[in-house]
>>> print(open('query_23.cif').read())   # mmCIF, C-alpha atoms and all ligand atoms
data_query
#
loop_
_atom_site.label_atom_id
_atom_site.label_comp_id
_atom_site.auth_asym_id
_atom_site.auth_seq_id
_atom_site.Cartn_x
_atom_site.Cartn_y
_atom_site.Cartn_z
CA MET X 1 0.00 0.00 0.00
CA ALA X 2 1.47 3.31 -1.06
CA GLY X 3 2.62 5.80 1.49
CA ILE X 4 1.15 4.53 4.72
CA ASP X 5 0.45 1.49 6.82
CA ARG X 6 -3.26 1.87 7.43
CA GLY X 7 -3.08 -0.66 10.24
CA GLY X 8 -0.78 1.55 12.30
CA CYS X 9 -1.61 4.56 14.42
CA ILE X 10 -3.48 6.88 12.03
CA PRO X 11 -4.47 10.16 13.60
CA TYR X 12 -8.16 10.91 13.24
CA ARG X 13 -9.33 12.03 16.62
CA GLY X 14 -7.94 15.53 16.51
CA ARG X 15 -4.95 14.80 18.70
CA ASP X 16 -2.67 15.51 15.79
CA ALA X 17 -4.50 17.23 12.97
CA GLU X 18 -1.23 18.35 11.39
CA ALA X 19 0.02 14.75 11.08
CA ALA X 20 -3.29 13.79 9.46
CA ARG X 21 -2.98 16.67 7.01
CA ARG X 22 0.60 15.67 6.09
CA THR X 23 -0.40 12.04 5.51
CA VAL X 24 -3.27 13.04 3.22
CA CYS X 25 -1.12 15.59 1.35
CA ARG X 26 1.48 12.89 0.69
CA ARG X 27 -1.10 10.70 -1.00
CA ALA X 28 -2.56 13.64 -2.94
CA TRP X 29 0.96 14.32 -4.21
CA SER X 30 1.15 10.73 -5.44
CA VAL X 31 -1.89 11.41 -7.67
CA ARG X 32 -0.58 14.76 -8.93
CA SER X 33 2.90 13.43 -9.67
CA GLY X 34 1.68 10.37 -11.53
CA VAL X 35 3.53 7.96 -9.17
CA HIS X 36 0.26 6.10 -8.71
CA LEU X 37 0.03 5.32 -12.43
CA MET X 38 2.94 2.89 -12.18
CA ASN X 39 0.74 0.16 -10.67
CA PRO X 40 -2.78 -0.59 -11.86
CA PRO X 41 -5.36 -0.41 -9.07
CA SER X 42 -6.17 -3.69 -7.36
CA ARG X 43 -9.10 -2.44 -5.25
CA ALA X 44 -12.20 -0.43 -6.10
CA VAL X 45 -14.35 1.76 -3.89
CA LEU X 46 -17.57 3.72 -4.43
CA ILE X 47 -17.96 7.03 -2.58
CA THR X 48 -21.31 8.84 -2.62
CA GLY X 49 -21.42 12.65 -2.41
CA ALA X 50 -17.89 13.03 -3.78
CA SER X 51 -18.29 16.54 -5.23
CA SER X 52 -17.13 18.36 -2.10
CA GLY X 53 -16.07 18.17 1.54
CA ILE X 54 -15.33 14.77 3.07
CA GLY X 55 -16.35 12.77 -0.03
CA ARG X 56 -14.10 14.71 -2.39
CA ALA X 57 -11.15 14.59 0.02
CA CYS X 58 -11.61 10.81 0.44
CA ALA X 59 -11.77 10.31 -3.33
CA LEU X 60 -8.46 12.12 -3.89
CA ASP X 61 -6.82 10.42 -0.94
CA LEU X 62 -7.87 6.90 -1.87
CA ALA X 63 -6.88 7.46 -5.52
CA GLY X 64 -3.44 8.52 -4.25
CA ASP X 65 -3.32 5.39 -2.14
CA GLY X 66 -3.80 3.15 -5.17
CA TRP X 67 -7.57 2.63 -5.21
CA LEU X 68 -9.81 2.84 -8.26
CA VAL X 69 -12.41 5.32 -7.01
CA TYR X 70 -15.98 5.47 -8.30
CA ALA X 71 -17.04 8.95 -7.27
CA GLY X 72 -20.78 9.67 -7.05
CA VAL X 73 -21.68 13.22 -8.12
CA ARG X 74 -24.79 15.09 -9.26
CA ARG X 75 -23.34 17.70 -11.59
CA GLU X 76 -21.25 17.52 -14.78
CA GLU X 77 -18.82 20.22 -13.55
CA ALA X 78 -18.09 18.18 -10.42
CA ALA X 79 -17.52 15.09 -12.59
CA ALA X 80 -15.13 16.95 -14.89
CA GLU X 81 -13.19 18.42 -11.97
CA LEU X 82 -12.75 15.04 -10.26
CA ARG X 83 -11.88 13.33 -13.53
CA SER X 84 -9.01 15.72 -14.14
CA ALA X 85 -7.83 15.72 -10.50
CA GLY X 86 -7.88 11.90 -10.33
CA GLU X 87 -5.85 11.26 -13.49
CA GLY X 88 -7.45 7.96 -14.41
CA ARG X 89 -7.86 6.70 -10.86
CA ILE X 90 -11.16 8.51 -10.24
CA VAL X 91 -14.20 7.52 -12.32
CA PRO X 92 -17.04 9.98 -11.68
CA LEU X 93 -20.59 8.74 -12.11
CA MET X 94 -23.96 10.47 -11.82
CA LEU X 95 -25.41 9.26 -8.56
CA ASP X 96 -28.20 11.03 -6.77
CA VAL X 97 -28.85 8.64 -3.88
CA THR X 98 -32.60 9.36 -4.07
CA ASP X 99 -32.79 8.25 -7.72
CA ALA X 100 -33.42 4.49 -8.05
CA GLY X 101 -32.60 4.56 -11.78
CA GLN X 102 -29.19 6.17 -11.21
CA ILE X 103 -28.40 3.71 -8.42
CA ALA X 104 -29.19 0.72 -10.64
CA ALA X 105 -27.18 2.21 -13.53
CA ALA X 106 -24.19 2.84 -11.22
CA ALA X 107 -24.25 -0.78 -9.99
CA GLU X 108 -24.37 -2.08 -13.56
CA MET X 109 -21.58 0.19 -14.75
CA ILE X 110 -19.30 -0.70 -11.83
CA ALA X 111 -19.96 -4.44 -12.33
CA ARG X 112 -19.08 -4.15 -16.02
CA GLN X 113 -15.93 -2.11 -15.39
CA VAL X 114 -14.52 -4.21 -12.55
CA ASP X 115 -15.00 -7.33 -14.68
CA ALA X 116 -13.21 -5.64 -17.59
CA ARG X 117 -10.31 -4.72 -15.28
CA ASN X 118 -10.16 -8.17 -13.67
CA LEU X 119 -10.95 -6.76 -10.26
CA PRO X 120 -12.81 -9.08 -7.89
CA GLY X 121 -15.63 -6.58 -7.23
CA LEU X 122 -15.94 -3.65 -4.82
CA HIS X 123 -13.62 -3.59 -1.81
CA GLY X 124 -15.33 -0.55 -0.33
CA LEU X 125 -18.50 1.51 -0.22
CA VAL X 126 -18.42 4.89 1.52
CA ASN X 127 -21.95 6.13 2.22
CA ASN X 128 -21.08 9.78 2.60
CA ALA X 129 -23.73 11.87 0.76
CA GLY X 130 -25.69 14.02 3.15
CA ILE X 131 -27.62 17.23 3.68
CA VAL X 132 -28.53 19.22 6.77
CA VAL X 133 -32.16 20.24 7.26
CA ALA X 134 -32.23 22.40 10.36
CA GLY X 135 -34.60 24.66 12.25
CA PRO X 136 -37.20 24.43 15.01
CA ILE X 137 -39.21 21.21 14.62
CA GLU X 138 -42.43 23.27 14.70
CA CYS X 139 -41.34 25.13 11.52
CA ILE X 140 -40.02 22.22 9.42
CA PRO X 141 -42.22 21.45 6.41
CA ILE X 142 -42.94 17.72 6.51
CA GLN X 143 -41.78 17.42 2.91
CA ARG X 144 -38.33 18.71 3.95
CA LEU X 145 -38.22 16.20 6.79
CA ARG X 146 -38.96 13.48 4.24
CA GLU X 147 -36.15 14.79 2.02
CA GLN X 148 -33.74 14.77 4.97
CA PHE X 149 -34.49 11.08 5.49
CA GLU X 150 -34.54 10.30 1.75
CA VAL X 151 -30.96 11.55 1.33
CA ASN X 152 -29.36 10.68 4.68
CA VAL X 153 -31.04 7.35 5.40
CA VAL X 154 -33.17 5.80 2.63
CA GLY X 155 -30.64 6.74 -0.08
CA GLN X 156 -27.76 5.18 1.88
CA VAL X 157 -29.73 1.96 2.36
CA ALA X 158 -30.72 1.85 -1.33
CA VAL X 159 -27.11 2.31 -2.50
CA THR X 160 -25.91 -0.36 -0.05
CA GLN X 161 -28.54 -2.84 -1.24
CA ALA X 162 -27.53 -2.26 -4.86
CA MET X 163 -23.79 -2.69 -4.15
CA LEU X 164 -23.92 -5.72 -1.85
CA SER X 165 -23.48 -8.31 -4.57
CA LEU X 166 -20.29 -6.49 -5.65
CA LEU X 167 -19.09 -6.20 -2.03
CA ARG X 168 -19.58 -9.97 -1.58
CA ARG X 169 -17.21 -10.86 -4.39
CA PRO X 170 -13.74 -10.15 -2.86
CA ARG X 171 -12.35 -12.56 -0.23
CA PRO X 172 -12.51 -11.47 2.58
CA GLY X 173 -15.61 -9.40 1.75
CA GLY X 174 -15.65 -5.69 1.01
CA ARG X 175 -16.22 -3.00 3.62
CA VAL X 176 -18.98 -0.46 4.15
CA VAL X 177 -18.16 2.87 5.78
CA ASN X 178 -21.10 5.04 6.83
CA VAL X 179 -20.39 8.70 7.46
CA GLY X 180 -22.38 9.55 10.56
CA SER X 181 -22.07 12.34 13.05
CA ILE X 182 -21.96 13.15 16.73
CA SER X 183 -25.54 14.27 15.97
CA GLY X 184 -26.27 10.54 15.80
CA ARG X 185 -25.81 10.42 19.56
CA VAL X 186 -26.82 13.89 20.73
CA ALA X 187 -29.82 15.78 19.37
CA SER X 188 -29.19 19.50 19.71
CA PRO X 189 -32.01 22.04 19.55
CA LEU X 190 -32.66 23.28 15.98
CA LEU X 191 -30.84 20.30 14.52
CA GLY X 192 -33.77 17.90 14.98
CA PRO X 193 -34.23 16.62 11.40
CA TYR X 194 -30.49 16.14 10.87
CA ALA X 195 -30.01 14.49 14.28
CA MET X 196 -32.97 12.15 13.63
CA SER X 197 -31.39 11.05 10.35
CA LYS X 198 -27.97 10.49 11.93
CA HIS X 199 -29.52 8.54 14.82
CA ALA X 200 -31.11 6.34 12.14
CA MET X 201 -27.70 5.87 10.55
CA GLU X 202 -26.34 4.52 13.85
CA ALA X 203 -29.09 1.87 13.83
CA PHE X 204 -28.56 1.15 10.13
CA SER X 205 -24.84 0.58 10.74
CA ASP X 206 -25.39 -1.69 13.74
CA SER X 207 -28.04 -3.85 12.05
CA LEU X 208 -26.09 -4.14 8.80
CA ARG X 209 -22.85 -4.99 10.60
CA ARG X 210 -24.52 -7.76 12.59
CA GLU X 211 -26.28 -9.14 9.51
CA LEU X 212 -23.13 -9.27 7.38
CA ALA X 213 -20.57 -10.33 10.01
CA ALA X 214 -20.81 -14.01 9.01
CA GLU X 215 -19.87 -13.05 5.42
CA ASP X 216 -16.81 -11.11 6.58
CA ILE X 217 -18.18 -7.77 5.31
CA HIS X 218 -17.21 -5.17 7.87
CA VAL X 219 -19.39 -2.11 8.52
CA ALA X 220 -17.89 0.96 10.20
CA LEU X 221 -19.48 4.21 11.30
CA ILE X 222 -17.69 7.56 11.31
CA GLN X 223 -18.95 9.74 14.18
CA ALA X 224 -17.68 13.12 13.06
CA GLY X 225 -17.68 16.32 15.04
CA PRO X 226 -17.60 19.67 13.24
CA LEU X 227 -15.28 19.56 10.22
CA ALA X 228 -14.32 22.34 7.85
CA THR X 229 -16.64 21.66 4.88
CA PRO X 230 -19.36 23.73 3.13
CA ILE X 231 -22.21 21.74 4.72
CA TRP X 232 -23.14 24.27 7.43
CA ASP X 233 -22.97 27.29 5.11
CA ARG X 234 -25.30 25.41 2.79
CA SER X 235 -27.97 24.88 5.46
CA MET X 236 -28.16 28.16 7.39
CA PRO X 237 -29.89 30.28 4.69
CA GLU X 238 -32.63 27.63 4.37
CA THR X 239 -33.10 27.49 8.15
CA GLU X 240 -33.57 31.24 8.31
CA ALA X 241 -36.01 31.17 5.39
CA LEU X 242 -38.05 28.38 7.05
CA VAL X 243 -38.53 30.42 10.21
CA GLU X 244 -39.27 33.54 8.18
CA GLN X 245 -41.98 31.68 6.23
CA ALA X 246 -43.50 30.17 9.39
CA GLY X 247 -45.29 33.44 10.18
CA GLU X 248 -44.81 36.37 12.48
CA SER X 249 -45.67 34.70 15.78
CA LEU X 250 -43.31 31.73 15.25
CA ARG X 251 -40.65 34.03 13.85
CA GLN X 252 -40.71 36.08 17.04
CA ARG X 253 -40.83 33.00 19.26
CA TYR X 254 -37.78 31.41 17.66
CA ALA X 255 -35.75 34.54 16.83
CA PRO X 256 -33.48 34.30 19.93
CA LEU X 257 -32.81 30.58 19.32
CA LEU X 258 -32.06 31.28 15.69
CA SER X 259 -29.56 34.03 16.37
CA ALA X 260 -27.93 31.81 19.00
CA MET X 261 -27.65 29.10 16.35
CA ARG X 262 -26.16 31.54 13.85
CA GLY X 263 -23.48 32.51 16.37
CA TYR X 264 -22.89 28.87 17.30
CA ILE X 265 -22.42 27.87 13.64
CA GLU X 266 -20.02 30.76 13.03
CA ARG X 267 -17.94 29.81 16.07
CA THR X 268 -18.08 26.11 15.17
CA ALA X 269 -17.04 26.79 11.57
CA ALA X 270 -14.12 28.92 12.78
CA GLY X 271 -12.88 26.17 15.11
CA ALA X 272 -13.79 23.17 12.92
CA ASP X 273 -11.29 20.35 12.56
CA PRO X 274 -9.61 19.64 9.21
CA VAL X 275 -11.40 17.26 6.90
CA GLU X 276 -8.26 15.09 6.78
CA LEU X 277 -9.21 13.61 10.15
CA ALA X 278 -12.29 12.05 8.55
CA VAL X 279 -10.25 11.00 5.51
CA ASN X 280 -7.84 9.08 7.71
CA ALA X 281 -10.66 7.42 9.62
CA VAL X 282 -12.28 6.29 6.34
CA GLY X 283 -8.88 5.01 5.12
CA HIS X 284 -8.40 3.03 8.33
CA ALA X 285 -11.91 1.58 8.16
CA LEU X 286 -11.33 0.46 4.55
CA SER X 287 -7.80 -0.91 4.84
CA SER X 288 -6.79 -1.76 8.39
CA PRO X 289 -6.51 -5.45 9.28
CA ARG X 290 -8.41 -4.51 12.45
CA PRO X 291 -11.05 -1.97 11.42
CA ARG X 292 -13.12 -0.45 14.20
CA ARG X 293 -16.87 -0.40 14.43
CA ARG X 294 -17.01 3.29 15.32
CA TYR X 295 -14.60 6.12 14.60
CA PRO X 296 -15.08 9.25 16.71
CA VAL X 297 -13.52 12.00 14.57
CA GLY X 298 -12.42 15.41 15.82
CA ARG X 299 -11.05 17.14 18.88
CA GLY X 300 -12.68 15.91 22.10
CA ILE X 301 -15.36 13.90 20.24
CA ALA X 302 -14.43 10.51 21.75
CA ARG X 303 -14.56 12.07 25.24
CA ARG X 304 -17.90 13.76 24.56
CA LEU X 305 -19.43 10.55 23.23
CA CYS X 306 -18.23 8.65 26.28
CA LEU X 307 -19.61 11.32 28.62
CA LEU X 308 -22.97 11.30 26.80
CA ARG X 309 -23.25 7.55 27.35
CA LEU X 310 -22.72 7.96 31.08
CA LEU X 311 -24.75 11.12 31.75
CA PRO X 312 -28.40 10.86 32.76
CA ASP X 313 -30.74 12.73 30.35
CA ALA X 314 -31.45 15.39 32.99
CA ALA X 315 -27.76 16.26 33.25
CA ALA X 316 -27.35 16.36 29.45
CA ASP X 317 -30.43 18.63 29.19
CA TRP X 318 -29.01 20.93 31.86
CA MET X 319 -25.67 21.25 30.03
CA ILE X 320 -27.32 21.92 26.67
CA GLN X 321 -29.73 24.49 28.14
CA ARG X 322 -26.88 26.28 29.91
CA ARG X 323 -24.87 26.48 26.68
CA LEU X 324 -27.97 27.67 24.81
CA ARG X 325 -28.70 30.42 27.35
CA ARG X 326 -25.12 31.65 27.07
CA ALA X 327 -25.33 31.63 23.26
CA MET X 328 -28.64 33.54 23.37
CA ASP X 329 -27.18 36.07 25.82
CA SER X 330 -24.15 36.72 23.65
CA ALA X 331 -26.30 36.90 20.47
CA GLY X 332 -28.55 39.39 22.27
CA ARG X 333 -25.54 41.50 23.30
CA ALA X 334 -24.12 41.37 19.74
CA GLY X 335 -27.49 42.49 18.37
CA GLY X 336 -27.42 45.44 20.74
N1 LIG X 401 -18.81 18.71 7.96
C1 LIG X 401 -19.19 18.32 9.16
O1 LIG X 401 -19.04 19.04 10.14
C2 LIG X 401 -19.81 16.95 9.33
C3 LIG X 401 -19.90 16.44 10.63
C4 LIG X 401 -20.49 15.21 10.81
C5 LIG X 401 -20.93 14.47 9.72
N2 LIG X 401 -20.84 14.99 8.48
C6 LIG X 401 -21.37 14.18 7.36
O2 LIG X 401 -20.41 14.07 6.34
C7 LIG X 401 -21.05 13.81 5.10
C8 LIG X 401 -20.44 14.72 4.03
O3 LIG X 401 -20.70 16.05 4.36
P1 LIG X 401 -19.66 17.24 4.13
O4 LIG X 401 -19.44 17.87 5.45
O5 LIG X 401 -18.52 16.79 3.34
O6 LIG X 401 -20.61 18.25 3.33
P2 LIG X 401 -20.66 18.75 1.81
O7 LIG X 401 -19.36 19.30 1.40
O8 LIG X 401 -21.88 19.60 1.74
O9 LIG X 401 -20.89 17.39 1.00
C9 LIG X 401 -22.13 16.77 0.89
C10 LIG X 401 -22.10 15.90 -0.34
O10 LIG X 401 -23.33 15.18 -0.41
C11 LIG X 401 -23.83 15.34 -1.74
N3 LIG X 401 -25.27 15.18 -1.81
C12 LIG X 401 -26.25 15.94 -1.28
N4 LIG X 401 -27.45 15.44 -1.60
C13 LIG X 401 -27.22 14.34 -2.36
C14 LIG X 401 -28.04 13.39 -3.02
N5 LIG X 401 -29.37 13.49 -2.99
N6 LIG X 401 -27.45 12.39 -3.70
C15 LIG X 401 -26.11 12.29 -3.76
N7 LIG X 401 -25.27 13.17 -3.19
C16 LIG X 401 -25.83 14.17 -2.50
C17 LIG X 401 -23.40 16.74 -2.16
O11 LIG X 401 -23.47 16.84 -3.57
P3 LIG X 401 -23.82 18.24 -4.33
O12 LIG X 401 -22.53 19.01 -4.37
O13 LIG X 401 -24.30 17.78 -5.65
O14 LIG X 401 -24.88 18.92 -3.51
C18 LIG X 401 -21.97 16.72 -1.63
O15 LIG X 401 -21.13 16.03 -2.51
C19 LIG X 401 -22.54 14.06 5.33
O16 LIG X 401 -23.19 12.82 5.46
C20 LIG X 401 -22.56 14.81 6.66
O17 LIG X 401 -23.74 14.60 7.38
C21 LIG X 401 -20.28 16.22 8.24
#
>>> encode(input="query_23.cif", output="structure tokens")
Amino acid sequence: MAGIDRGGCIPYRGRDAEAARRTVCRRAWSVRSGVHLMNPPSRAVLITGASSGIGRACALDLAGDGWLVYAGVRREEAAAELRSAGEGRIVPLMLDVTDAGQIAAAAEMIARQVDARNLPGLHGLVNNAGIVVAGPIECIPIQRLREQFEVNVVGQVAVTQAMLSLLRRPRPGGRVVNVGSISGRVASPLLGPYAMSKHAMEAFSDSLRRELAAEDIHVALIQAGPLATPIWDRSMPETEALVEQAGESLRQRYAPLLSAMRGYIERTAAGADPVELAVNAVGHALSSPRPRRRYPVGRGIARRLCLLRLLPDAAADWMIQRRLRRAMDSAGRAGG
């Protein structure tokens, strides 16, 4: 395996973000320099939502590490950009995870291509595509809640179902990596729809892992804290519009919570961990001889998850309410 022993100590918890960044840069260099072209790929992986953020970074990293990467995208520009960045190791394909036709076409195309390249099938599937629908539960249009689940849960299950026959072909079997979130364990105010979907992903990962264990197909779950990607910037304008459209009385009721959330997202984005931490966790889950079931990713995330397991609900509520009051106070002061 080029560049790194995935079975060793790969930093992904935020203890050493700089080491993670250097590791990922080294593999990206291998793609840019053409070093990777010397050996044909022996393993293939499909990544959904590869146009930006974690998915794109994983695609480049795994291509640099010698994988043939099928990169799911929804736009031609994203496909062209990945095609040129991947230099033959990244094969973009149109894959909206809510579109049954595109999922079936992707499975057929991958099956045809891996056969043509004499690859045993798919060694990895990274269920990464995701959106954030946020706002007070009272203001969320039910259709948007459905869309949140369609993309973050139903779409992931549909892609997994379609790829399982390809994941069964290698010996030992391929690996599934689900990109979840700390929101799969803690449901913050205003993040209800997103947190519900990520809680569902925890259950999806556990059931799937236990169903496929006998076939040696490992299923891992990334539990990421805030990472520096466009996802939060993408969701905030919609959240504000939802509250605006909910009418004057709800707008007034939720205005303090909303400005607290705005401040929280700005602070979180400023202190977010580098995306390379997630990239290394995905790499470990795909390649380590001893992959983990869960990968807490980001500074202090493992500690927070452990604390959340031990704390009674009343104590967790008290901590969240205290943080919220502080955020509302400082948003109120900032607003004059
Ligand atoms: N960033 C964080 O702080 C964080 C923390 C915890 C977990 N996560 C999870 O990490 C995953 C990736 O998010 P990110 O932070 O990298 O955000 P991002 O940069 O916004 O990436 C999201 C990706 O999902 C794709 N996508 C959205 N809807 C899709 C659909 N219907 N079908 C297929 N692809 C779709 C987007 O494609 P388009 O460009 O076409 O929209 C994009 O490629 C998500 O599952 C997210 O929940 C992120």
>>> residues_near_ligand(input="query_23.cif", ligand="ligand LIG 401 (chain X)", cutoff="7 Å", atoms="only C-alpha atoms and all ligand atoms", output="number ranges by chain")
X: 48-55, 72-75, 95-98, 128-132, 151-152, 179-182, 223-231, 234
>>> atom_distance(input="query_23.cif", atom1="atom CA of Val159 of chain X", atom2="atom CA of Gly66 of chain X")
23.5 Å
>>> closest_residue(input="query_23.cif", among="X:Thr239, X:Ser165, X:Ser259, X:Ser84", to="Ala331 of chain X", atoms="only C-alpha atoms")
X:Ser259
>>> residues_near_point(input="query_23.cif", point="(-11.2, -2.2, -1.9)", cutoff="6 Å", atoms="only C-alpha atoms", output="list in words")
Arg43, Ala44, Val45, Leu122, His123 and Gly124 of chain X
>>> residues_around(input="query_23.cif", residues="Ala63 of chain X", least_positions_apart="4", cutoff="7 Å", atoms="all atoms listed in the file", output="list in words")
Val31, Ala59, Trp67, Leu68, Val69, Gly86, Arg89 and Ile90 of chain X
>>> write_last_selection(input="query_23.cif", atoms="C-alpha atoms", output="tab-separated table (two decimals), keeping the file's coordinate frame")
chain	number	residue	atom	x	y	z
X	31	VAL	CA	-1.89	11.41	-7.67
X	59	ALA	CA	-11.77	10.31	-3.33
X	67	TRP	CA	-7.57	2.63	-5.21
X	68	LEU	CA	-9.81	2.84	-8.26
X	69	VAL	CA	-12.41	5.32	-7.01
X	86	GLY	CA	-7.88	11.90	-10.33
X	89	ARG	CA	-7.86	6.70	-10.86
X	90	ILE	CA	-11.16	8.51	-10.24
